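Trainee: File follows, entry_31.cif with mmCIF, C-alpha atoms:
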data_work
#
loop_
_atom_site.label_atom_id
_atom_site.label_comp_id
_atom_site.auth_asym_id
_atom_site.auth_seq_id
_atom_site.Cartn_x
_atom_site.Cartn_y
_atom_site.Cartn_z
CA MET M 10 50.96 -18.26 -20.06
CA TYR M 11 51.22 -16.60 -16.70
CA ASP M 12 50.06 -18.39 -13.55
CA THR M 13 49.71 -21.72 -15.33
CA GLY M 14 49.48 -23.66 -12.11
CA LYS M 15 46.75 -21.45 -10.66
CA ILE M 16 44.68 -21.52 -13.84
CA ILE M 17 44.93 -25.29 -14.37
CA GLY M 18 44.32 -25.91 -10.68
CA GLY M 19 41.36 -23.53 -10.72
CA LEU M 20 39.92 -25.26 -13.78
CA ILE M 21 40.24 -28.66 -12.09
CA ILE M 22 38.50 -27.41 -8.97
CA PHE M 23 35.79 -25.80 -11.10
CA LEU M 24 35.18 -29.02 -13.06
CA LEU M 25 35.08 -31.07 -9.88
CA LEU M 26 32.53 -28.72 -8.35
CA ILE M 27 30.28 -28.52 -11.39
CA THR M 28 30.23 -32.28 -11.85
CA PHE M 29 29.68 -32.81 -8.13
CA PRO M 30 26.13 -34.21 -8.44
CA VAL M 31 27.24 -36.77 -11.02
CA TRP M 32 30.21 -38.29 -9.20
CA TYR M 33 28.71 -37.93 -5.74
CA ASN M 34 25.71 -40.01 -6.78
CA ALA M 35 27.94 -42.44 -8.70
CA ILE M 36 30.08 -43.08 -5.61
CA GLY M 37 27.04 -43.22 -3.35
CA GLY M 38 25.47 -45.86 -5.62
CA LYS M 39 22.44 -43.72 -6.29
CA ALA M 40 23.11 -43.20 -9.99
CA ASP M 41 21.96 -46.66 -10.97
CA MET M 42 19.06 -46.67 -8.55
CA MET M 43 16.07 -48.35 -10.13
CA PRO M 44 12.53 -47.86 -8.95
CA LYS M 45 11.04 -51.08 -7.61
CA PRO M 46 7.30 -51.15 -8.05
CA LYS M 47 5.69 -53.32 -5.42
CA ILE M 48 3.31 -56.03 -6.56
CA VAL M 49 0.71 -56.89 -3.95
CA THR M 50 -1.50 -59.31 -5.83
CA ASP M 51 -1.54 -63.09 -5.33
CA ALA M 52 -2.33 -63.60 -9.01
CA LYS M 53 0.48 -65.37 -10.87
CA GLN M 54 -0.12 -63.86 -14.27
CA CYS M 55 -0.93 -60.42 -15.63
CA VAL M 56 -2.98 -60.05 -18.82
CA ASP M 57 0.28 -60.63 -20.70
CA ASP M 58 3.95 -61.42 -19.93
CA ALA M 59 5.42 -59.27 -17.20
CA ALA M 60 8.32 -58.17 -19.44
CA PHE M 61 5.92 -57.13 -22.13
CA MET M 62 3.68 -55.31 -19.65
CA LYS M 63 6.70 -53.44 -18.27
CA THR M 64 7.48 -51.90 -21.63
CA ASP M 65 4.08 -51.80 -23.27
CA HIS M 66 1.42 -51.32 -20.60
CA MET M 67 0.75 -47.82 -21.87
CA ASN M 68 0.10 -49.13 -25.37
CA VAL M 69 -2.19 -51.82 -24.00
CA LEU M 70 -4.16 -49.19 -22.09
CA ASP M 71 -4.27 -46.94 -25.11
CA GLN M 72 -5.61 -49.72 -27.31
CA TRP M 73 -8.12 -50.81 -24.66
CA ARG M 74 -9.38 -47.27 -24.34
CA ASP M 75 -10.13 -47.01 -28.05
CA LEU M 76 -11.68 -50.48 -28.21
CA VAL M 77 -13.97 -49.81 -25.28
CA VAL M 78 -14.95 -46.22 -25.89
CA ARG M 79 -15.05 -46.08 -29.66
CA ASP M 80 -15.86 -49.64 -30.72
CA GLY M 81 -17.92 -50.69 -27.70
CA LEU M 82 -15.87 -53.89 -27.24
CA ARG M 83 -15.36 -54.36 -23.53
CA PHE M 84 -13.87 -57.80 -22.98
CA ILE M 85 -10.72 -59.58 -24.06
CA ASN M 86 -9.31 -63.11 -23.89
CA ALA M 87 -5.83 -62.92 -22.44
CA PRO M 88 -3.12 -65.32 -23.66
CA ASP M 89 -3.73 -67.48 -20.56
CA GLY M 90 -7.31 -68.01 -21.75
CA LYS M 91 -8.89 -65.92 -19.03
CA ARG M 92 -11.45 -63.32 -19.89
CA TYR M 93 -10.87 -59.77 -18.76
CA GLU M 94 -12.84 -56.57 -18.86
CA MET M 95 -10.70 -53.95 -20.60
CA SER M 96 -10.81 -51.49 -17.73
CA LEU M 97 -8.08 -49.59 -15.95
CA SER M 98 -9.96 -48.99 -12.70
CA ASN M 99 -11.82 -52.29 -12.61
CA THR M 100 -9.28 -54.77 -14.01
CA CYS M 101 -5.74 -53.40 -13.63
CA MET M 102 -6.32 -51.74 -10.30
CA SER M 103 -8.14 -54.71 -8.81
CA CYS M 104 -4.75 -56.48 -8.68
CA HIS M 105 -2.49 -53.45 -8.53
CA SER M 106 -4.48 -51.69 -5.85
CA ASN M 107 -1.39 -49.91 -4.53
CA LYS M 108 -1.14 -47.01 -6.94
CA SER M 109 1.43 -45.07 -4.90
CA GLU M 110 3.79 -48.05 -4.66
CA PHE M 111 3.14 -49.52 -8.10
CA CYS M 112 2.25 -46.88 -10.72
CA ASP M 113 3.74 -43.85 -9.08
CA ARG M 114 7.18 -45.26 -8.29
CA CYS M 115 8.25 -45.60 -11.90
CA HIS M 116 6.20 -42.69 -13.15
CA ASN M 117 7.79 -40.36 -10.63
CA TYR M 118 11.28 -41.70 -11.40
CA LEU M 119 10.78 -41.10 -15.12
CA LYS M 120 8.90 -37.86 -14.53
CA VAL M 121 5.89 -38.98 -16.53
CA ASP M 122 2.57 -37.64 -15.43
CA PRO M 123 -0.29 -39.62 -16.99
CA TYR M 124 -3.62 -37.87 -16.60
CA CYS M 125 -5.62 -41.08 -16.13
CA TRP M 126 -6.46 -40.14 -12.56
CA ASP M 127 -8.01 -36.81 -13.39
CA CYS M 128 -11.13 -38.82 -14.17
CA HIS M 129 -10.58 -42.49 -13.34
CA ILE M 130 -10.85 -43.23 -9.68
CA GLU M 131 -7.82 -44.65 -7.96
CA PRO M 132 -8.41 -47.37 -5.39
CA LYS M 133 -8.30 -46.37 -1.74
CA GLU M 134 -5.04 -47.33 -0.06
CA MET K 8 35.25 -56.20 -43.49
CA GLY K 9 31.56 -55.91 -42.56
CA ILE K 10 28.91 -57.95 -44.26
CA GLY K 11 28.05 -58.06 -47.94
CA ARG K 12 24.61 -58.00 -49.49
CA ARG K 13 24.26 -61.79 -49.38
CA GLY K 14 25.29 -61.94 -45.75
CA PHE K 15 22.85 -59.24 -44.83
CA ILE K 16 19.94 -61.01 -46.52
CA LYS K 17 20.84 -64.30 -44.76
CA ILE K 18 20.89 -62.64 -41.36
CA ALA K 19 17.66 -60.79 -42.06
CA GLY K 20 15.95 -64.04 -43.10
CA LEU K 21 17.14 -65.86 -39.97
CA ALA K 22 15.99 -62.98 -37.80
CA ALA K 23 12.56 -63.05 -39.43
CA LEU K 24 12.31 -66.82 -38.79
CA ALA K 25 13.38 -66.38 -35.20
CA GLY K 26 10.79 -63.66 -34.82
CA ALA K 27 8.04 -65.81 -36.29
CA PHE K 28 8.74 -68.91 -34.19
CA GLY K 29 10.20 -67.31 -31.11
CA LYS K 30 8.36 -66.81 -27.83
CA LYS K 31 5.30 -64.74 -28.41
CA THR K 32 4.64 -61.68 -26.33
CA GLY K 33 2.18 -58.93 -26.85
CA ASN K 34 -0.63 -61.40 -27.53
CA ILE K 35 -2.98 -59.02 -25.90
CA PHE K 36 -2.80 -57.00 -29.10
CA ALA K 37 -4.02 -59.86 -31.29
CA THR K 38 -7.41 -58.98 -32.69
CA GLU K 39 -8.73 -62.53 -32.34
CA ASN K 40 -8.53 -62.13 -28.57
CA ILE K 41 -10.97 -59.26 -28.49
CA ILE K 42 -14.42 -60.49 -27.63
CA ASP K 43 -17.24 -59.22 -29.74
CA THR K 44 -19.97 -58.60 -27.17
CA THR K 45 -22.63 -59.26 -29.78
CA GLN K 46 -21.55 -62.91 -29.42
CA THR K 47 -21.81 -63.09 -25.65
CA LYS K 48 -25.00 -63.86 -23.84
CA GLU K 49 -24.96 -61.47 -20.95
CA SER K 50 -24.69 -58.20 -22.87
CA LEU K 51 -27.77 -56.39 -24.08
CA VAL K 52 -27.22 -55.85 -27.77
CA GLY K 53 -29.22 -53.53 -29.96
CA LYS K 54 -28.89 -51.70 -33.23
CA ARG K 55 -30.91 -48.64 -32.36
CA TRP K 56 -31.63 -48.17 -28.71
CA ALA K 57 -34.55 -45.92 -27.85
CA MET K 58 -36.81 -45.08 -24.95
CA VAL K 59 -40.50 -44.51 -24.40
CA VAL K 60 -41.53 -42.24 -21.53
CA ASP K 61 -45.07 -43.02 -20.46
CA LEU K 62 -46.13 -39.72 -18.90
CA ARG K 63 -49.44 -41.21 -17.77
CA LYS K 64 -47.51 -43.42 -15.38
CA CYS K 65 -44.62 -41.03 -14.73
CA LEU K 66 -46.75 -38.13 -13.53
CA GLN K 67 -48.69 -40.30 -11.08
CA GLU K 68 -45.93 -39.91 -8.54
CA LYS K 69 -45.62 -36.19 -7.82
CA GLY K 70 -42.15 -34.86 -7.07
CA CYS K 71 -40.47 -38.17 -7.83
CA THR K 72 -36.76 -37.92 -8.68
CA LYS K 73 -35.82 -41.62 -8.53
CA CYS K 74 -34.61 -41.89 -12.12
CA MET K 75 -32.49 -38.75 -11.79
CA ASP K 76 -31.03 -39.79 -8.45
CA ALA K 77 -30.15 -43.24 -9.75
CA CYS K 78 -28.54 -41.93 -12.94
CA HIS K 79 -26.56 -39.20 -11.26
CA LYS K 80 -25.35 -41.60 -8.60
CA VAL K 81 -23.98 -44.31 -10.91
CA HIS K 82 -22.40 -41.80 -13.26
CA ASN K 83 -20.78 -39.59 -10.64
CA VAL K 84 -22.68 -36.50 -11.74
CA PRO K 85 -21.77 -33.60 -9.44
CA ALA K 86 -24.39 -31.47 -7.66
CA PHE K 87 -23.35 -27.84 -7.89
CA ASP K 88 -25.08 -25.24 -5.76
CA ASN K 89 -24.95 -22.62 -8.53
CA PRO K 90 -27.47 -23.43 -11.31
CA LYS K 91 -25.08 -21.89 -13.86
CA ASP K 92 -22.62 -24.72 -13.21
CA GLU K 93 -25.31 -27.42 -13.27
CA ILE K 94 -24.45 -30.80 -14.80
CA LYS K 95 -27.45 -32.87 -15.82
CA TRP K 96 -27.94 -36.17 -17.61
CA ILE K 97 -31.65 -36.62 -16.92
CA TRP K 98 -33.71 -33.83 -15.45
CA LYS K 99 -37.15 -32.20 -15.36
CA GLU K 100 -38.40 -29.58 -17.77
CA SER K 101 -41.74 -27.76 -18.00
CA PHE K 102 -44.17 -28.79 -20.73
CA GLU K 103 -43.73 -25.61 -22.77
CA HIS K 104 -39.98 -26.07 -22.77
CA THR K 105 -40.14 -29.77 -23.54
CA PHE K 106 -42.70 -29.63 -26.32
CA GLU K 107 -42.42 -26.10 -27.66
CA GLU K 108 -44.30 -26.95 -30.81
CA GLN K 109 -47.20 -28.63 -29.00
CA GLU K 110 -47.85 -26.07 -26.31
CA HIS K 111 -50.86 -23.74 -26.44
CA GLU K 112 -52.93 -21.66 -24.05
CA TYR K 113 -55.35 -24.47 -23.26
CA THR K 114 -52.92 -27.37 -22.96
CA TYR K 115 -54.27 -30.51 -21.33
CA GLU K 116 -54.37 -29.66 -17.61
CA ASN K 117 -52.68 -32.82 -16.38
CA ILE K 118 -49.44 -32.16 -18.14
CA LYS K 119 -49.56 -28.37 -18.43
CA HIS K 120 -48.03 -27.78 -15.02
CA SER K 121 -46.19 -31.05 -14.59
CA PRO K 122 -42.45 -31.32 -14.93
CA ILE K 123 -41.48 -33.78 -17.64
CA PRO K 124 -38.38 -35.98 -17.49
CA VAL K 125 -35.98 -35.19 -20.31
CA LEU K 126 -32.58 -36.58 -21.31
CA CYS K 127 -30.34 -36.86 -24.34
CA ASN K 128 -32.52 -37.92 -27.28
CA HIS K 129 -29.82 -40.04 -28.88
CA CYS K 130 -30.91 -38.59 -32.20
CA ASP K 131 -30.69 -40.64 -35.34
CA ASN K 132 -29.30 -37.52 -37.01
CA PRO K 133 -27.38 -35.91 -34.15
CA PRO K 134 -26.28 -32.29 -34.66
CA CYS K 135 -23.77 -32.56 -31.81
CA VAL K 136 -21.88 -35.28 -33.69
CA ARG K 137 -21.77 -33.22 -36.87
CA VAL K 138 -20.24 -30.17 -35.21
CA CYS K 139 -17.70 -31.92 -32.99
CA PRO K 140 -14.25 -31.01 -34.36
CA THR K 141 -12.42 -33.91 -32.70
CA GLN K 142 -15.05 -36.65 -33.11
CA ALA K 143 -15.20 -36.86 -29.34
CA THR K 144 -18.95 -37.23 -29.74
CA PHE K 145 -19.96 -39.97 -32.13
CA LYS K 146 -22.75 -42.38 -32.84
CA GLY K 147 -22.01 -45.97 -31.92
CA LYS K 148 -23.10 -49.12 -33.74
CA ASP K 149 -25.91 -49.48 -31.22
CA GLY K 150 -27.39 -46.09 -32.10
CA ILE K 151 -26.23 -44.46 -28.88
CA VAL K 152 -24.67 -41.03 -29.16
CA VAL K 153 -21.65 -41.39 -26.92
CA MET K 154 -18.78 -39.22 -25.80
CA ASP K 155 -15.10 -40.07 -25.76
CA MET K 156 -14.02 -37.90 -22.86
CA HIS K 157 -10.37 -38.45 -23.80
CA ARG K 158 -10.91 -36.50 -27.01
CA CYS K 159 -13.15 -33.70 -25.77
CA ILE K 160 -11.33 -30.38 -25.97
CA GLY K 161 -14.14 -28.40 -24.37
CA CYS K 162 -14.99 -26.21 -27.37
CA ARG K 163 -18.71 -26.49 -26.54
CA TYR K 164 -19.84 -26.55 -30.19
CA CYS K 165 -22.04 -29.51 -29.25
CA VAL K 166 -23.64 -27.54 -26.43
CA ALA K 167 -24.62 -24.89 -28.95
CA ALA K 168 -25.74 -27.46 -31.53
CA CYS K 169 -27.96 -29.58 -29.29
CA PRO K 170 -31.53 -28.25 -29.51
CA TYR K 171 -32.54 -30.06 -26.31
CA GLY K 172 -30.05 -28.65 -23.82
CA SER K 173 -28.85 -32.18 -23.16
CA ARG K 174 -25.23 -31.22 -22.81
CA SER K 175 -23.51 -29.77 -19.78
CA PHE K 176 -20.08 -28.23 -19.58
CA ASN K 177 -17.79 -28.76 -16.62
CA TRP K 178 -16.95 -25.20 -15.71
CA ARG K 179 -15.46 -26.36 -12.42
CA ASP K 180 -13.67 -29.43 -11.16
CA PRO K 181 -16.58 -31.77 -10.45
CA ARG K 182 -14.87 -34.09 -7.96
CA PRO K 183 -15.46 -32.09 -4.76
CA PHE K 184 -19.17 -31.84 -5.60
CA ILE K 185 -19.87 -35.56 -5.88
CA LYS K 186 -21.32 -36.86 -2.64
CA ASP K 187 -20.58 -40.58 -2.94
CA ILE K 188 -18.10 -41.34 -5.68
CA ASP K 189 -18.87 -44.62 -7.43
CA PRO K 190 -15.42 -46.12 -8.11
CA ASP K 191 -16.70 -48.22 -11.01
CA PHE K 192 -17.37 -45.20 -13.22
CA PRO K 193 -14.95 -42.36 -13.94
CA THR K 194 -15.67 -38.79 -13.02
CA ARG K 195 -14.99 -35.97 -15.44
CA MET K 196 -12.35 -33.30 -15.37
CA ARG K 197 -12.77 -29.56 -15.63
CA GLY K 198 -13.24 -28.37 -19.22
CA VAL K 199 -15.14 -31.25 -20.84
CA VAL K 200 -18.74 -31.60 -21.90
CA GLU K 201 -20.86 -34.49 -20.68
CA LYS K 202 -24.29 -35.99 -21.23
CA CYS K 203 -26.39 -39.14 -20.92
CA ASN K 204 -24.74 -42.22 -22.44
CA PHE K 205 -27.84 -44.45 -22.31
CA CYS K 206 -25.87 -46.49 -19.76
CA SER K 207 -23.77 -48.20 -22.42
CA GLU K 208 -21.51 -49.53 -19.64
CA ARG K 209 -24.52 -51.19 -17.99
CA LEU K 210 -25.86 -52.60 -21.26
CA ALA K 211 -22.54 -54.38 -21.78
CA LYS K 212 -23.10 -56.13 -18.45
CA GLY K 213 -26.65 -57.00 -19.37
CA GLU K 214 -28.28 -54.42 -17.13
CA LEU K 215 -30.96 -51.94 -18.13
CA PRO K 216 -30.21 -48.22 -17.88
CA ALA K 217 -30.14 -46.99 -14.30
CA CYS K 218 -33.13 -44.66 -14.76
CA VAL K 219 -35.25 -47.45 -16.26
CA GLU K 220 -34.34 -49.77 -13.42
CA ALA K 221 -35.05 -47.13 -10.77
CA CYS K 222 -38.51 -46.19 -12.06
CA GLU K 223 -41.02 -48.00 -9.87
CA GLU K 224 -43.95 -46.86 -12.01
CA LYS K 225 -42.33 -48.57 -15.01
CA ALA K 226 -42.84 -45.35 -16.94
CA LEU K 227 -39.51 -45.59 -18.74
CA ILE K 228 -39.36 -48.34 -21.33
CA PHE K 229 -36.07 -49.07 -23.04
CA GLY K 230 -35.63 -51.18 -26.16
CA ASP K 231 -34.30 -51.72 -29.65
CA LEU K 232 -36.22 -50.03 -32.45
CA GLU K 233 -34.70 -52.38 -35.02
CA ASP K 234 -36.25 -55.36 -33.30
CA PRO K 235 -39.87 -55.60 -34.51
CA GLU K 236 -40.74 -57.89 -31.60
CA SER K 237 -39.49 -55.52 -28.91
CA LYS K 238 -41.77 -54.05 -26.27
CA ILE K 239 -40.87 -50.57 -27.37
CA ARG K 240 -42.11 -51.23 -30.92
CA GLU K 241 -45.28 -52.67 -29.49
CA LEU K 242 -45.84 -49.53 -27.40
CA LEU K 243 -45.14 -47.21 -30.31
CA LYS K 244 -47.58 -49.15 -32.46
CA SER K 245 -50.40 -49.12 -29.95
CA ASN K 246 -50.01 -45.63 -28.47
CA PHE K 247 -49.88 -42.13 -29.85
CA THR K 248 -46.44 -40.76 -29.06
CA ILE K 249 -44.79 -37.38 -29.50
CA ARG K 250 -41.13 -36.41 -29.70
CA ARG K 251 -39.28 -33.23 -28.86
CA LYS K 252 -38.88 -30.72 -31.72
CA PRO K 253 -39.27 -33.28 -34.52
CA SER K 254 -39.42 -30.50 -37.12
CA LEU K 255 -35.67 -29.89 -36.69
CA GLY K 256 -34.95 -33.18 -38.43
CA THR K 257 -32.74 -34.59 -35.70
CA ASN K 258 -34.95 -37.69 -35.45
CA PRO K 259 -34.92 -37.95 -31.66
CA GLU K 260 -35.24 -41.43 -30.16
CA ILE K 261 -37.07 -40.59 -26.94
CA TYR K 262 -40.81 -41.00 -27.41
CA TYR K 263 -43.41 -39.62 -25.01
CA ILE K 264 -46.86 -41.05 -24.41
CA VAL K 265 -48.93 -38.10 -23.15
#
Using structure tokens, write down the structure that the file contains.
Mentor:
Amino acid sequence: MYDTGKIIGGLIIFLLLITFPVWYNAIGGKADMMPKPKIVTDAKQCVDDAAFMKTDHMNVLDQWRDLVVRDGLRFINAPDGKRYEMSLSNTCMSCHSNKSEFCDRCHNYLKVDPYCWDCHIEPKE
Amino acid sequence: MGIGRRGFIKIAGLAALAGAFGKKTGNIFATENIIDTTQTKESLVGKRWAMVVDLRKCLQEKGCTKCMDACHKVHNVPAFDNPKDEIKWIWKESFEHTFEEQEHEYTYENIKHSPIPVLCNHCDNPPCVRVCPTQATFKGKDGIVVMDMHRCIGCRYCVAACPYGSRSFNWRDPRPFIKDIDPDFPTRMRGVVEKCNFCSERLAKGELPACVEACEEKALIFGDLEDPESKIRELLKSNFTIRRKPSLGTNPEIYYIV
């Protein structure tokens, strides 16, 4: 092979340049950045465990939606014995009234775009 | 060397035990936690909600729009300037449009030129439900014909099927045309159909429909047809009532005392 040094060197430079965003963010500590949703409520307990709500809140909302709209069942007893109205705007958002710092932080990070707010009214911040 | 069949079954059994007795999460999904509102005191529960409109009382107050204002306010119904875009849940219609089959040249003077309040008839045999391809419109256990806005795809079959014009399509984004948005009730998005829901969200809280509550003449009477003791049954028994286009077989549940 002619010009081995130049070719190998060129390839190394090329690889370094093309992977620039990966290692730059890894060195800068940005690669493992996690969104931190801010909780503003004084309430100690959500309708279920926080860990469960983190992973399954969308399923809870989905189930609530069907129960309320299709079956006309509007209230639920949470595991802590409290009674809640199954309502995104009236129950969830009464504690988590900071949509931009709570919902949006993770949703933006994960690039999910739920269309709840096309119709449901977000609380004023 | 990996695990054999016996080993695998042992581990699976232990895992199942751990799962059964471990810390429970996701309780919110347990069906026993869901409250059946028919068992709670504060909700108004009915099997076949209906309404009587007493036109003798209603037409006393000329130009009154209290029921419409109240309804459109609590449900975030937009007010468009172009009548082609109009969204209406309860509105006024002329006698010949309301009671096509009853109208004649010498109609009773009092009602001939008076606008009559009309709304979704919550038919017992609703054509809008039959044509809906996604079951976005359906009839609930309480007899109310309701819409699941999440499922509406905006095909407008129901608009064509409804013989009463009770359905409006959102041709435009309604949000900018709502004066005071009520945060307790969602708005709609562009491209869905909407109509009166007999205030099912208010019934669950034990409140009467907004129009009924707003009517100072007490011309709108709301009640359960399945309850023989209800006021509405009493009124239907003791007064002659007419319904809109009964010959179509939709069995409308709004009764008019003329």
Trainee: Evaluate the PyMOL selection byres ((chain M) within 10 of (chain K)) on the structure here and hand back the selected residues as a PyMOL selection string.
Mentor: chain M and resi 56-62+65-66+68-69+72-90+92-96+98-99+124-133
Trainee: Would you mind telling me which residue in K:Ser101, K:Asn258, K:Asn204, K:Asn177 lies nearest to Cys127 in chain K when using only C-alpha atoms?
Mentor: K:Asn204
Trainee: In Å, rounded to a single decimal, give me how far CA of Gly53 in chain K is from CA of Gly150 in chain K.
Mentor: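 Between CA of Gly150 in chain K and CA of Gly53 in chain K the gap is 8.0 Å.
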Trainee: As an exercise, work out the distance from CA of His120 in chain K to CA of Phe106 in chain K in Å and give it to one decimal place.
Mentor: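 CA of Phe106 in chain K lies at a distance of 12.6 Å from CA of His120 in chain K.
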Trainee: Using the chain letters and residue numbers of this document, give as a PyMOL selection string the residues selected by the PyMOL selection byres ((chain K and resi 129) around 6).
Mentor: chain K and resi 127-128+130+151-152+260
Trainee: Taking the structure I provided as the source, export range 86-99 of chain M with C-alpha atoms, as a PDB file, in the first residue's frame.
Mentor:
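Contents of selection11.pdb, as written:
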ATOM      1  CA  ASN M  86     -59.320   4.790  46.009  1.00  0.00           C
ATOM      2  CA  ALA M  87     -55.558   5.100  45.964  1.00  0.00           C
ATOM      3  CA  PRO M  88     -53.410   2.583  47.881  1.00  0.00           C
ATOM      4  CA  ASP M  89     -53.069   5.144  50.701  1.00  0.00           C
ATOM      5  CA  GLY M  90     -56.844   5.023  51.147  1.00  0.00           C
ATOM      6  CA  LYS M  91     -57.459   8.505  49.806  1.00  0.00           C
ATOM      7  CA  ARG M  92     -60.111   9.094  47.214  1.00  0.00           C
ATOM      8  CA  TYR M  93     -59.136  10.767  43.980  1.00  0.00           C
ATOM      9  CA  GLU M  94     -60.974  12.016  40.950  1.00  0.00           C
ATOM     10  CA  MET M  95     -59.431  10.350  37.904  1.00  0.00           C
ATOM     11  CA  SER M  96     -58.591  13.592  36.157  1.00  0.00           C
ATOM     12  CA  LEU M  97     -55.402  14.831  34.557  1.00  0.00           C
ATOM     13  CA  SER M  98     -56.168  18.547  34.802  1.00  0.00           C
ATOM     14  CA  ASN M  99     -57.972  18.452  38.134  1.00  0.00           C
TER      15      ASN M  99
END
